[in-house]
file start.csv (CSV, C-alpha atoms)
chain,number,residue,atom,x,y,z
H,1,MET,CA,28.8,2.9,-6.3
H,2,GLU,CA,25.2,4.0,-6.2
H,3,ILE,CA,23.6,4.6,-2.8
H,4,GLU,CA,20.0,5.3,-1.9
H,5,PHE,CA,19.7,7.2,1.4
H,6,LYS,CA,16.1,8.4,1.7
H,7,ASN,CA,15.0,5.1,3.3
H,8,LYS,CA,17.2,6.1,6.3
H,9,LEU,CA,15.1,9.2,6.8
H,10,VAL,CA,11.8,7.2,6.5
H,11,GLU,CA,13.1,4.8,9.1
H,12,LYS,CA,14.2,7.6,11.4
H,13,ASN,CA,11.1,9.7,11.2
H,14,THR,CA,8.7,6.8,11.7
H,15,ALA,CA,10.8,4.8,14.2
H,16,LYS,CA,8.7,5.9,17.2
H,17,ILE,CA,5.3,5.2,15.6
H,18,LYS,CA,3.9,2.0,17.3
H,19,LYS,CA,1.1,1.2,14.9
H,20,ILE,CA,0.1,2.3,11.4
H,21,ILE,CA,-3.6,1.9,10.5
H,22,MET,CA,-4.5,2.4,6.9
H,23,VAL,CA,-8.1,3.3,6.2
H,24,CYS,CA,-8.6,1.9,2.7
H,25,SER,CA,-11.3,0.8,0.3
H,26,GLY,CA,-10.5,0.4,-3.3
H,27,LYS,CA,-13.8,2.3,-4.1
H,28,GLY,CA,-14.0,6.0,-4.0
H,29,GLY,CA,-16.7,8.0,-2.2
H,30,VAL,CA,-17.3,5.5,0.6
H,31,GLY,CA,-16.3,7.9,3.4
H,32,LYS,CA,-12.6,7.0,4.1
H,33,SER,CA,-11.6,10.6,4.9
H,34,ILE,CA,-14.3,11.4,7.4
H,35,ILE,CA,-13.9,7.9,9.0
H,36,SER,CA,-10.1,8.5,9.2
H,37,TYR,CA,-10.6,11.9,10.9
H,38,ALA,CA,-13.3,10.5,13.3
H,39,LEU,CA,-11.2,7.5,14.2
H,40,THR,CA,-8.2,9.8,14.9
H,41,LYS,CA,-10.4,12.0,17.2
H,42,ALA,CA,-11.9,8.9,19.0
H,43,ILE,CA,-8.4,7.3,19.6
H,44,SER,CA,-7.1,10.7,20.8
H,45,LYS,CA,-10.0,11.2,23.2
H,46,ASN,CA,-9.1,7.8,24.7
H,47,GLY,CA,-5.7,9.3,25.8
H,48,LYS,CA,-3.5,7.8,23.0
H,49,LYS,CA,-1.0,9.8,21.0
H,50,VAL,CA,-2.2,9.8,17.4
H,51,GLY,CA,-1.4,11.2,14.0
H,52,LEU,CA,-3.3,11.5,10.8
H,53,LEU,CA,-1.6,11.3,7.5
H,54,ASP,CA,-3.6,12.2,4.3
H,55,LEU,CA,-2.1,9.9,1.6
H,56,ASP,CA,-4.8,10.9,-0.9
H,57,ILE,CA,-2.2,12.8,-2.8
H,58,HIS,CA,-4.5,13.9,-5.7
H,59,GLY,CA,-7.5,14.8,-3.5
H,60,PRO,CA,-6.4,15.7,0.0
H,61,VAL,CA,-9.2,16.9,2.3
H,62,GLU,CA,-8.0,16.3,5.9
H,63,GLN,CA,-6.7,19.9,6.1
H,64,LEU,CA,-10.3,21.0,5.9
H,65,PHE,CA,-10.8,19.8,9.5
H,66,PHE,CA,-7.8,21.8,10.7
H,67,ARG,CA,-8.3,25.2,9.1
H,68,LYS,CA,-6.0,28.1,9.7
H,69,ARG,CA,-3.2,25.8,10.7
H,70,SER,CA,0.3,25.9,9.1
H,71,LEU,CA,3.2,23.5,8.9
H,72,PHE,CA,6.6,24.5,10.3
H,73,GLY,CA,10.1,23.4,9.3
H,74,ASN,CA,12.8,22.2,11.7
H,75,LYS,CA,16.3,20.9,11.5
H,76,GLU,CA,15.0,17.3,11.0
H,77,GLY,CA,12.3,18.1,8.4
H,78,LEU,CA,8.7,19.2,8.7
H,79,GLU,CA,6.6,19.4,11.8
H,80,PRO,CA,3.1,18.2,11.3
H,81,VAL,CA,0.2,20.5,12.2
H,82,TYR,CA,-0.6,20.0,15.9
H,83,SER,CA,-4.1,20.6,17.0
H,84,ASP,CA,-6.2,19.2,19.8
H,85,SER,CA,-3.5,16.6,20.7
H,86,ILE,CA,-3.5,15.3,17.1
H,87,LYS,CA,-0.6,15.6,14.6
H,88,VAL,CA,-1.7,16.0,11.0
H,89,MET,CA,0.0,16.0,7.6
H,90,SER,CA,-1.8,16.6,4.4
H,91,LEU,CA,-0.6,18.0,1.1
H,92,GLY,CA,-3.7,20.1,1.2
H,93,PHE,CA,-1.9,22.4,3.6
H,94,LEU,CA,0.6,23.2,0.9
H,95,SER,CA,-1.3,23.3,-2.4
H,96,LYS,CA,-4.1,26.0,-1.8
H,97,ASP,CA,-7.0,24.7,-3.9
H,98,GLU,CA,-4.9,23.9,-6.9
H,99,PRO,CA,-4.8,20.5,-8.6
H,100,ILE,CA,-2.0,18.1,-7.7
H,101,PRO,CA,-1.3,16.2,-10.9
H,102,ILE,CA,1.6,13.9,-9.9
H,103,LYS,CA,2.2,11.1,-12.3
H,104,GLY,CA,4.2,7.9,-12.7
H,105,ARG,CA,7.6,7.7,-11.0
H,106,TYR,CA,7.1,11.1,-9.2
H,107,LYS,CA,4.2,9.5,-7.3
H,108,GLU,CA,6.6,7.0,-5.6
H,109,GLU,CA,9.0,9.9,-4.8
H,110,ILE,CA,6.4,12.1,-3.2
H,111,LEU,CA,5.2,9.1,-1.0
H,112,GLU,CA,8.8,8.6,0.1
H,113,ASN,CA,9.1,12.3,0.8
H,114,LEU,CA,5.9,12.4,2.8
H,115,LEU,CA,7.2,9.6,5.0
H,116,SER,CA,10.8,10.9,5.2
H,117,GLU,CA,10.3,14.6,5.8
H,118,VAL,CA,7.6,14.6,8.4
H,119,THR,CA,8.8,14.4,12.0
H,120,TRP,CA,6.1,12.5,13.7
H,121,ASN,CA,8.1,11.6,16.8
H,122,SER,CA,6.4,9.2,19.2
H,123,LEU,CA,2.8,8.1,18.3
H,124,ASP,CA,0.7,5.2,19.5
H,125,PHE,CA,-1.2,5.2,16.2
H,126,LEU,CA,-0.8,6.8,12.8
H,127,VAL,CA,-4.0,6.7,10.9
H,128,VAL,CA,-3.5,6.9,7.2
H,129,ASP,CA,-6.3,8.1,4.9
H,130,MET,CA,-5.7,6.2,1.7
H,131,PRO,CA,-6.8,7.2,-1.8
H,132,PRO,CA,-9.4,5.2,-3.7
H,133,GLY,CA,-8.0,2.4,-5.8
H,134,ILE,CA,-5.2,-0.1,-5.5
H,135,SER,CA,-2.0,1.7,-6.3
H,136,ASP,CA,1.5,2.8,-5.2
H,137,GLU,CA,0.4,4.0,-1.8
H,138,LEU,CA,-0.7,0.6,-0.6
H,139,PHE,CA,2.4,-1.1,-1.8
H,140,PHE,CA,4.6,1.6,-0.4
H,141,LEU,CA,3.2,1.2,3.1
H,142,SER,CA,3.2,-2.6,3.0
H,143,ARG,CA,6.8,-2.7,1.8
H,144,ASN,CA,8.1,-0.2,4.3
H,145,PHE,CA,6.0,-1.0,7.4
H,146,ARG,CA,5.2,-4.7,7.3
H,147,GLU,CA,5.5,-5.2,11.0
H,148,LYS,CA,3.4,-2.3,12.3
H,149,LEU,CA,0.9,-1.9,9.5
H,150,SER,CA,-2.8,-3.1,9.6
H,151,ALA,CA,-5.8,-2.1,7.7
H,152,VAL,CA,-9.5,-1.2,8.1
H,153,VAL,CA,-11.4,-1.6,4.9
H,154,VAL,CA,-14.4,0.7,4.2
H,155,THR,CA,-17.3,-0.2,2.0
H,156,THR,CA,-21.0,0.7,1.6
H,157,PRO,CA,-23.7,-1.9,1.5
H,158,SER,CA,-24.0,-1.3,-2.3
H,159,LEU,CA,-23.3,-4.3,-4.5
H,160,LEU,CA,-21.1,-2.1,-6.7
H,161,SER,CA,-19.0,-1.1,-3.7
H,162,LEU,CA,-18.8,-4.6,-2.3
H,163,ASN,CA,-17.5,-6.0,-5.5
H,164,VAL,CA,-14.6,-3.6,-5.6
H,165,VAL,CA,-13.8,-3.8,-1.9
H,166,LYS,CA,-13.7,-7.6,-2.1
H,167,ARG,CA,-10.8,-7.3,-4.5
H,168,MET,CA,-9.0,-5.0,-2.1
H,169,VAL,CA,-9.4,-7.5,0.7
H,170,LYS,CA,-8.0,-10.2,-1.5
H,171,LEU,CA,-5.0,-8.0,-2.3
H,172,LEU,CA,-4.4,-7.3,1.4
H,173,HIS,CA,-4.5,-11.0,2.0
H,174,GLN,CA,-2.0,-11.6,-0.8
H,175,GLU,CA,0.3,-8.9,0.6
H,176,LYS,CA,-0.1,-10.3,4.1
H,177,VAL,CA,-1.4,-7.1,5.6
H,178,LYS,CA,-3.3,-7.7,8.8
H,179,ILE,CA,-6.9,-6.6,8.5
H,180,VAL,CA,-8.6,-5.3,11.7
H,181,GLY,CA,-12.0,-5.5,10.1
H,182,ILE,CA,-14.5,-4.1,7.6
H,183,ILE,CA,-16.4,-0.9,8.2
H,184,GLU,CA,-19.8,-0.7,6.5
H,185,ASN,CA,-20.5,3.0,6.0
H,186,LEU,CA,-23.8,4.6,4.9
H,187,SER,CA,-25.4,1.5,6.3
H,188,TYR,CA,-28.8,2.8,7.5
H,189,PHE,CA,-30.6,5.7,9.0
H,190,VAL,CA,-33.4,5.9,11.5
H,191,CYS,CA,-36.4,8.0,10.4
H,192,LYS,CA,-38.3,10.2,12.8
H,193,HIS,CA,-40.9,7.4,13.4
H,194,GLY,CA,-38.0,5.1,14.6
H,195,GLU,CA,-38.0,2.9,11.5
H,196,VAL,CA,-34.6,1.7,10.3
H,197,ILE,CA,-34.2,2.3,6.6
H,198,ARG,CA,-31.4,0.7,4.6
H,199,PRO,CA,-31.4,2.6,1.3
H,200,PHE,CA,-28.3,0.8,-0.2
H,201,GLY,CA,-29.3,-2.8,0.7
H,202,GLU,CA,-28.9,-5.1,3.6
H,203,GLY,CA,-25.1,-5.2,3.5
H,204,VAL,CA,-23.0,-8.1,4.8
H,205,GLU,CA,-21.6,-9.4,8.1
H,206,GLU,CA,-18.3,-10.5,6.6
H,207,LEU,CA,-16.3,-10.1,3.4
H,208,GLU,CA,-13.7,-12.7,2.2
H,209,GLY,CA,-13.6,-14.1,5.7
H,210,GLU,CA,-13.1,-10.6,7.4
H,211,LYS,CA,-15.6,-9.5,9.9
H,212,VAL,CA,-17.6,-6.3,9.7
H,213,ILE,CA,-16.6,-4.4,12.9
H,214,GLY,CA,-18.9,-1.5,12.5
H,215,LYS,CA,-22.0,-0.4,10.6
H,216,LEU,CA,-22.0,3.4,10.5
H,217,PRO,CA,-25.3,5.3,10.0
H,218,ILE,CA,-26.0,8.0,7.5
H,219,ASP,CA,-25.8,11.2,9.6
H,220,PRO,CA,-26.7,14.4,7.8
H,221,LYS,CA,-25.0,16.4,10.5
H,222,LEU,CA,-21.6,15.2,9.3
H,223,GLU,CA,-21.5,17.7,6.4
H,224,GLU,CA,-21.9,20.5,9.0
H,225,ILE,CA,-18.7,19.5,10.7
H,226,VAL,CA,-16.8,20.7,7.7
H,227,ALA,CA,-19.1,23.5,6.6
H,228,LEU,CA,-19.7,25.1,10.1
H,229,GLU,CA,-16.5,23.8,11.7
H,230,GLU,CA,-18.5,21.8,14.3
H,231,GLU,CA,-16.8,19.2,16.6
H,232,ILE,CA,-17.2,15.6,15.3
H,233,ASP,CA,-19.4,14.5,18.2
H,234,TYR,CA,-22.0,17.0,16.9
H,235,ALA,CA,-22.9,14.1,14.5
H,236,ASN,CA,-23.8,12.0,17.5
H,237,THR,CA,-25.2,8.9,15.8
H,238,PHE,CA,-22.1,8.6,13.6
H,239,TRP,CA,-19.8,9.4,16.5
H,240,ASN,CA,-21.2,6.8,18.9
H,241,SER,CA,-20.7,4.1,16.2
H,242,ILE,CA,-17.1,5.3,15.4
H,243,LYS,CA,-16.1,5.2,19.1
H,244,ARG,CA,-16.9,1.5,19.2
H,245,VAL,CA,-14.8,0.9,16.1
H,246,ALA,CA,-11.9,2.9,17.5
H,247,GLU,CA,-11.9,0.7,20.6
H,248,ILE,CA,-11.6,-2.4,18.5
H,249,ILE,CA,-8.7,-0.9,16.6
H,250,GLU,CA,-7.0,0.1,19.8
H,251,ARG,CA,-7.3,-3.5,21.1
H,252,SER,CA,-6.1,-5.0,17.8
T,1,MET,CA,15.8,24.1,6.1
T,2,HIS,CA,16.3,20.3,6.4
T,3,GLU,CA,19.7,20.1,4.9
T,4,TRP,CA,21.2,18.7,8.1
T,5,SER,CA,18.9,15.7,8.2
T,6,LEU,CA,19.6,15.0,4.5
T,7,ALA,CA,23.3,15.3,5.2
T,8,GLN,CA,23.0,12.9,8.2
T,9,ALA,CA,21.2,10.3,6.1
T,10,ILE,CA,23.9,10.6,3.3
T,11,VAL,CA,26.8,10.2,5.8
T,12,GLU,CA,25.1,7.2,7.5
T,13,SER,CA,24.4,5.5,4.1
T,14,VAL,CA,27.9,6.1,2.7
T,15,VAL,CA,29.6,4.9,5.9
T,16,GLU,CA,27.4,1.8,5.9
T,17,ALA,CA,28.1,1.0,2.3
T,18,ALA,CA,31.9,1.5,2.9
T,19,ASN,CA,31.7,-0.9,5.9
T,20,ASN,CA,29.8,-3.5,3.8
T,21,LYS,CA,32.6,-3.3,1.2
T,22,LYS,CA,35.2,-3.6,4.0
T,23,ALA,CA,36.8,-0.3,2.9
T,24,LYS,CA,39.6,1.4,4.8
T,25,ARG,CA,38.2,4.8,4.0
T,26,VAL,CA,36.1,6.7,1.6
T,27,LYS,CA,38.2,8.6,-0.9
T,28,THR,CA,35.7,10.8,-2.8
T,29,LEU,CA,32.0,11.6,-2.5
T,30,GLU,CA,30.0,13.4,-5.2
T,31,VAL,CA,26.5,14.8,-4.4
T,32,GLU,CA,24.3,16.4,-7.0
T,33,VAL,CA,21.6,18.9,-6.0
T,34,GLY,CA,18.8,19.8,-8.4
T,35,SER,CA,17.9,23.5,-8.3
T,36,LEU,CA,14.2,22.6,-8.0
T,37,ALA,CA,14.5,21.6,-4.3
T,38,MET,CA,16.2,25.0,-3.5
T,39,LEU,CA,18.6,23.3,-1.1
T,40,ASP,CA,21.6,25.2,0.2
T,41,LYS,CA,24.7,23.3,-1.0
T,42,ASP,CA,27.1,25.1,1.3
T,43,ILE,CA,25.1,24.0,4.3
T,44,ILE,CA,25.0,20.5,3.0
T,45,LEU,CA,28.8,20.4,2.5
T,46,GLU,CA,29.4,21.8,6.0
T,47,ALA,CA,27.0,19.4,7.5
T,48,ILE,CA,28.5,16.4,5.7
T,49,LYS,CA,32.0,17.4,6.8
T,50,THR,CA,30.9,17.9,10.4
T,51,LEU,CA,28.9,14.7,10.6
T,52,SER,CA,31.6,12.6,9.0
T,53,GLU,CA,34.2,13.3,11.8
T,54,SER,CA,35.6,10.1,13.2
T,55,THR,CA,34.0,8.0,10.5
T,56,LYS,CA,35.4,6.4,7.3
T,57,LEU,CA,34.2,9.4,5.4
T,58,GLU,CA,36.4,11.8,7.4
T,59,GLY,CA,39.0,13.5,5.2
T,60,ALA,CA,37.3,12.4,1.9
T,61,GLU,CA,37.2,14.8,-1.0
T,62,ILE,CA,33.6,15.9,-1.1
T,63,LYS,CA,32.1,17.7,-4.0
T,64,ILE,CA,28.6,19.1,-4.0
T,65,TYR,CA,27.3,20.6,-7.3
T,66,GLU,CA,24.0,22.1,-8.4
T,67,GLU,CA,22.3,21.1,-11.6
T,68,GLU,CA,19.7,23.3,-13.1
T,69,THR,CA,16.3,21.5,-13.2
T,70,LYS,CA,14.6,21.7,-16.5
T,71,PHE,CA,11.1,20.7,-17.8
T,72,ARG,CA,9.7,19.5,-21.0
T,73,CYS,CA,6.1,19.8,-22.0
T,74,LYS,CA,4.7,16.5,-23.3
T,75,LYS,CA,1.9,18.2,-25.2
T,76,CYS,CA,3.7,21.0,-27.1
T,77,GLY,CA,7.4,20.0,-26.7
T,78,LYS,CA,8.5,23.3,-25.1
T,79,THR,CA,11.5,23.0,-22.7
T,80,TRP,CA,12.2,25.6,-20.0
T,81,SER,CA,14.2,25.7,-16.8
T,82,PHE,CA,13.1,26.1,-13.2
T,83,ASN,CA,15.6,29.0,-12.7
T,84,GLU,CA,13.8,31.1,-15.4
T,85,GLU,CA,10.5,31.1,-13.5
T,86,LYS,CA,11.8,30.7,-9.9
T,87,GLU,CA,11.1,34.4,-8.9
T,88,GLU,CA,7.6,34.3,-10.5
T,89,ILE,CA,6.8,31.1,-8.6
T,90,GLU,CA,8.1,32.6,-5.3
T,91,LYS,CA,5.8,35.6,-5.8
T,92,ARG,CA,2.7,33.5,-6.6
T,93,TRP,CA,3.2,31.1,-3.8
T,94,GLU,CA,4.4,33.6,-1.2
T,95,ASP,CA,1.5,32.8,1.1
T,96,SER,CA,2.3,29.0,1.1
T,97,LYS,CA,5.8,29.3,2.3
T,98,ILE,CA,6.9,27.2,5.2
T,99,LYS,CA,8.5,29.1,8.1
T,100,ASP,CA,11.2,27.4,10.2
T,101,GLU,CA,12.8,27.9,13.5
T,102,TYR,CA,15.7,29.8,11.9
T,103,GLY,CA,13.4,32.4,10.4
T,104,THR,CA,13.8,31.0,6.9
T,105,ASP,CA,10.8,30.8,4.5
T,106,ASP,CA,10.8,27.9,2.1
T,107,LEU,CA,8.5,27.0,-0.7
T,108,PRO,CA,6.7,23.6,-0.4
T,109,ILE,CA,9.0,22.3,-3.2
T,110,HIS,CA,11.9,22.5,-0.8
T,111,TYR,CA,10.4,19.5,1.0
T,112,PHE,CA,8.3,18.0,-1.9
T,113,PRO,CA,9.9,18.9,-5.3
T,114,GLU,CA,7.1,16.9,-7.0
T,115,LEU,CA,4.6,19.7,-6.0
T,116,ILE,CA,6.1,21.7,-8.9
T,117,PHE,CA,3.3,20.1,-10.9
T,118,THR,CA,0.9,22.1,-8.7
T,119,MET,CA,2.9,25.3,-8.8
T,120,THR,CA,3.5,25.8,-12.5
T,121,SER,CA,2.4,24.9,-16.0
T,122,CYS,CA,4.0,24.9,-19.5
T,123,PRO,CA,4.7,28.6,-20.2
T,124,SER,CA,3.6,28.0,-23.8
T,125,CYS,CA,0.4,25.9,-23.8
T,126,LYS,CA,-0.4,26.0,-20.1
T,127,SER,CA,-0.6,22.2,-19.8
T,128,LYS,CA,0.4,20.4,-16.6
T,129,ASP,CA,1.4,17.4,-18.7
T,130,PHE,CA,5.2,18.1,-18.5
T,131,GLU,CA,8.1,16.1,-17.2
T,132,ILE,CA,11.2,17.0,-15.2
T,133,ILE,CA,14.5,16.6,-16.9
T,134,GLY,CA,17.6,15.9,-14.9
T,135,SER,CA,18.1,16.2,-11.2
T,136,ARG,CA,15.2,17.5,-9.0
T,137,GLU,CA,16.4,16.9,-5.5
T,138,ILE,CA,19.5,15.4,-4.0
T,139,THR,CA,21.4,12.4,-5.2
T,140,ILE,CA,24.6,10.6,-4.3
T,141,LYS,CA,26.3,10.5,-7.7
T,142,SER,CA,29.5,8.7,-6.9
T,143,VAL,CA,31.5,7.3,-4.1
T,144,THR,CA,35.0,5.9,-4.3
T,145,ILE,CA,36.7,3.9,-1.6
T,146,GLU,CA,40.1,2.6,-0.6
T,147,VAL,CA,40.0,-1.1,0.3

call {"tool": "encode", "arguments": {"input": "start.csv", "output": "C-alpha cells"}}
result
Amino acid sequence: MEIEFKNKLVEKNTAKIKKIIMVCSGKGGVGKSIISYALTKAISKNGKKVGLLDLDIHGPVEQLFFRKRSLFGNKEGLEPVYSDSIKVMSLGFLSKDEPIPIKGRYKEEILENLLSEVTWNSLDFLVVDMPPGISDELFFLSRNFREKLSAVVVTTPSLLSLNVVKRMVKLLHQEKVKIVGIIENLSYFVCKHGEVIRPFGEGVEELEGEKVIGKLPIDPKLEEIVALEEEIDYANTFWNSIKRVAEIIERS
Amino acid sequence: MHEWSLAQAIVESVVEAANNKKAKRVKTLEVEVGSLAMLDKDIILEAIKTLSESTKLEGAEIKIYEEETKFRCKKCGKTWSFNEEKEEIEKRWEDSKIKDEYGTDDLPIHYFPELIFTMTSCPSCKSKDFEIIGSREITIKSVTIEV
C-alpha cells in the first residue's frame, strides 16, 4: 500500500488562513513583487493579519524588504519571519545570493514543502508573489486551495504585456480561479508641470471581461525603498494608489 | 527539528488508509529516510510509536531505515553521495543554518531538500545540472494490514 502524507501537513499548516491572494501576471518585470509587498503592508495597516509568501522560487526578492531577519524552526515546522505584524516566507532567506536551479519534478516537491513546512497559523490574508509565466505554481495553488484562492493579475499598458497577460486571464477562467481584478502598473507619471504622461500607451479598462481595479503610477522613489530601506509610504503616489486596491481586495 | 510533525502526518495517513480498507490493525510500517534531509530517524520512530497509541497502528512492527542520497551529473556523468560532502556543505553554509527552540541548528535542506541544487555542484565539472538518485526526504515504503 503506497501512502502520500505531505498533503496532511499542507492542510494543517494552511487551515487557519482565510483567503489566499495570488499576485500573478504571466509576464515578467511588470512589478508583481513590489505590488505584493505593498499590498501586504496596506492590508496589515488596515488591522488585518497578513502573510507574504514568495513563490518565485528561482528569483525570490521579498527577503530584501525584511533584511537581517531569520527563520526559526519549531516542533511543527518553520516559523515565518515576523516583522511589523507581517509574516513572511521566501527562499531568499535561505539561499544567500546563490542561484536556485530547481527543475522538473523537484519543483512540485519544493512547492509542497513551502506550503507544508511553514507554520502560518491564523491569517486573514496570505498574499502570494507568483513567478512570471504559467507553470506548476499556479496549478499547485488552484488544486490545493480552490475555495480560498483568488487572483489579482498585474500588467503594464504595453501591448506586449497585455498580450501575455490576456492568456493568463483565460487560463484563470479555465481553472475557475476567482479574479479580483487587473492591476495596471507603470501606467503613467505626472511631470513637474502637472502633465500626465503615459509612456507605455493608454492601457485598458478591462481585459477578457475582468475590470482594471487600479492604475499604478511610475514612482521613482520605489527603488529607494529597497536601496535605502525606506518605508513603503515614502513612495507616496504609488502608496496612495495601492491602498485603494488593497481595500478592493479586502472587500472581495 | 520537525520530525514530530512529519511523524504525526504519517500516523494520521496510515490510520486513515487502514480505516478505509476496514483493517482490524496495521501489522507493519516501513519508512525510508533519505540522508539528504538530515532527519533523526530515532526521533521519528519514537514519535510514531507515541502518536500511534490507541490507534490501529499501535503495536505494529515499525521499521525506519536511512538510505544514502546520491547524485548523478547529467553533463559529465559523475556520481557522488551526499554523505561524502556533507561536512563541507555544513561548513560552507554554517551562516544559513536555521535555529530552533531546542537549540538545534539545521541546514535549509532539512526543511527543503531541493535546495541542495543551490548548495552544491558536480565535484568534477562544477555543473548544477545534476539529478538526485534514490530517496531524498521521507517516504512511507510499505504498510501491511490485518483485515

call {"tool": "residues_around", "arguments": {"input": "start.csv", "residues": "H:Ile213", "least_positions_apart": "6", "cutoff": "12 Å", "atoms": "all atoms listed in the file", "output": "CSV table (one decimal) with C-alpha atoms, in the frame of the given file"}}
result
chain,number,residue,atom,x,y,z
H,152,VAL,CA,-9.5,-1.2,8.1
H,153,VAL,CA,-11.4,-1.6,4.9
H,154,VAL,CA,-14.4,0.7,4.2
H,155,THR,CA,-17.3,-0.2,2.0
H,179,ILE,CA,-6.9,-6.6,8.5
H,180,VAL,CA,-8.6,-5.3,11.7
H,181,GLY,CA,-12.0,-5.5,10.1
H,182,ILE,CA,-14.5,-4.1,7.6
H,183,ILE,CA,-16.4,-0.9,8.2
H,184,GLU,CA,-19.8,-0.7,6.5
H,185,ASN,CA,-20.5,3.0,6.0
H,204,VAL,CA,-23.0,-8.1,4.8
H,205,GLU,CA,-21.6,-9.4,8.1
H,206,GLU,CA,-18.3,-10.5,6.6
H,207,LEU,CA,-16.3,-10.1,3.4
H,241,SER,CA,-20.7,4.1,16.2
H,242,ILE,CA,-17.1,5.3,15.4
H,243,LYS,CA,-16.1,5.2,19.1
H,244,ARG,CA,-16.9,1.5,19.2
H,245,VAL,CA,-14.8,0.9,16.1
H,246,ALA,CA,-11.9,2.9,17.5
H,247,GLU,CA,-11.9,0.7,20.6
H,248,ILE,CA,-11.6,-2.4,18.5
H,249,ILE,CA,-8.7,-0.9,16.6
H,252,SER,CA,-6.1,-5.0,17.8

call {"tool": "residues_around", "arguments": {"input": "start.csv", "residues": "stretch 46-58 of chain T", "least_positions_apart": "6", "cutoff": "12 Å", "atoms": "all atoms listed in the file", "output": "ChimeraX atom specification"}}
result
/H:75 /T:2-31,40,64,143-147

call {"tool": "closest_atom_pairs", "arguments": {"input": "start.csv", "of": "chain H", "to": "chain T", "cutoff": "6 Å", "atoms": "all atoms listed in the file", "output": "Markdown table"}}
result
| residue | atom | partner | partner_atom | distance |
| --- | --- | --- | --- | --- |
| H:Met1 | CA | T:Val143 | CA | 5.6 |
| H:Phe5 | CA | T:Ser13 | CA | 5.7 |
| H:Lys8 | CA | T:Ala9 | CA | 5.8 |
| H:Phe72 | CA | T:Asp100 | CA | 5.4 |
| H:Gly73 | CA | T:Asp100 | CA | 4.2 |
| H:Asn74 | CA | T:Asp100 | CA | 5.6 |
| H:Lys75 | CA | T:His2 | CA | 5.1 |
| H:Glu76 | CA | T:Ser5 | CA | 5.1 |
| H:Gly77 | CA | T:His2 | CA | 5.0 |
| H:Pro99 | CA | T:Thr118 | CA | 5.9 |
| H:Ile100 | CA | T:Thr118 | CA | 5.0 |

call {"tool": "atom_distance", "arguments": {"input": "start.csv", "atom1": "atom CA of T:Lys86", "atom2": "atom CA of T:Leu39"}}
result
13.4 Å

call {"tool": "atom_distance", "arguments": {"input": "start.csv", "atom1": "atom CA of H:Leu91", "atom2": "atom CA of H:Pro60"}}
result
6.3 Å

call {"tool": "atom_distance", "arguments": {"input": "start.csv", "atom1": "atom CA of H:Ser44", "atom2": "atom CA of H:Val127"}}
result
11.1 Å

call {"tool": "residues_around", "arguments": {"input": "start.csv", "residues": "H:Ile21", "least_positions_apart": "2", "cutoff": "9 Å", "atoms": "all atoms listed in the file", "output": "ChimeraX atom specification"}}
result
/H:19,23,125-129,148-152,180,249

call {"tool": "closest_residue", "arguments": {"input": "start.csv", "among": "T:Thr120, T:Ser127, T:Ser35, T:Ser135", "to": "T:Ile89", "atoms": "only C-alpha atoms"}}
result
T:Thr120
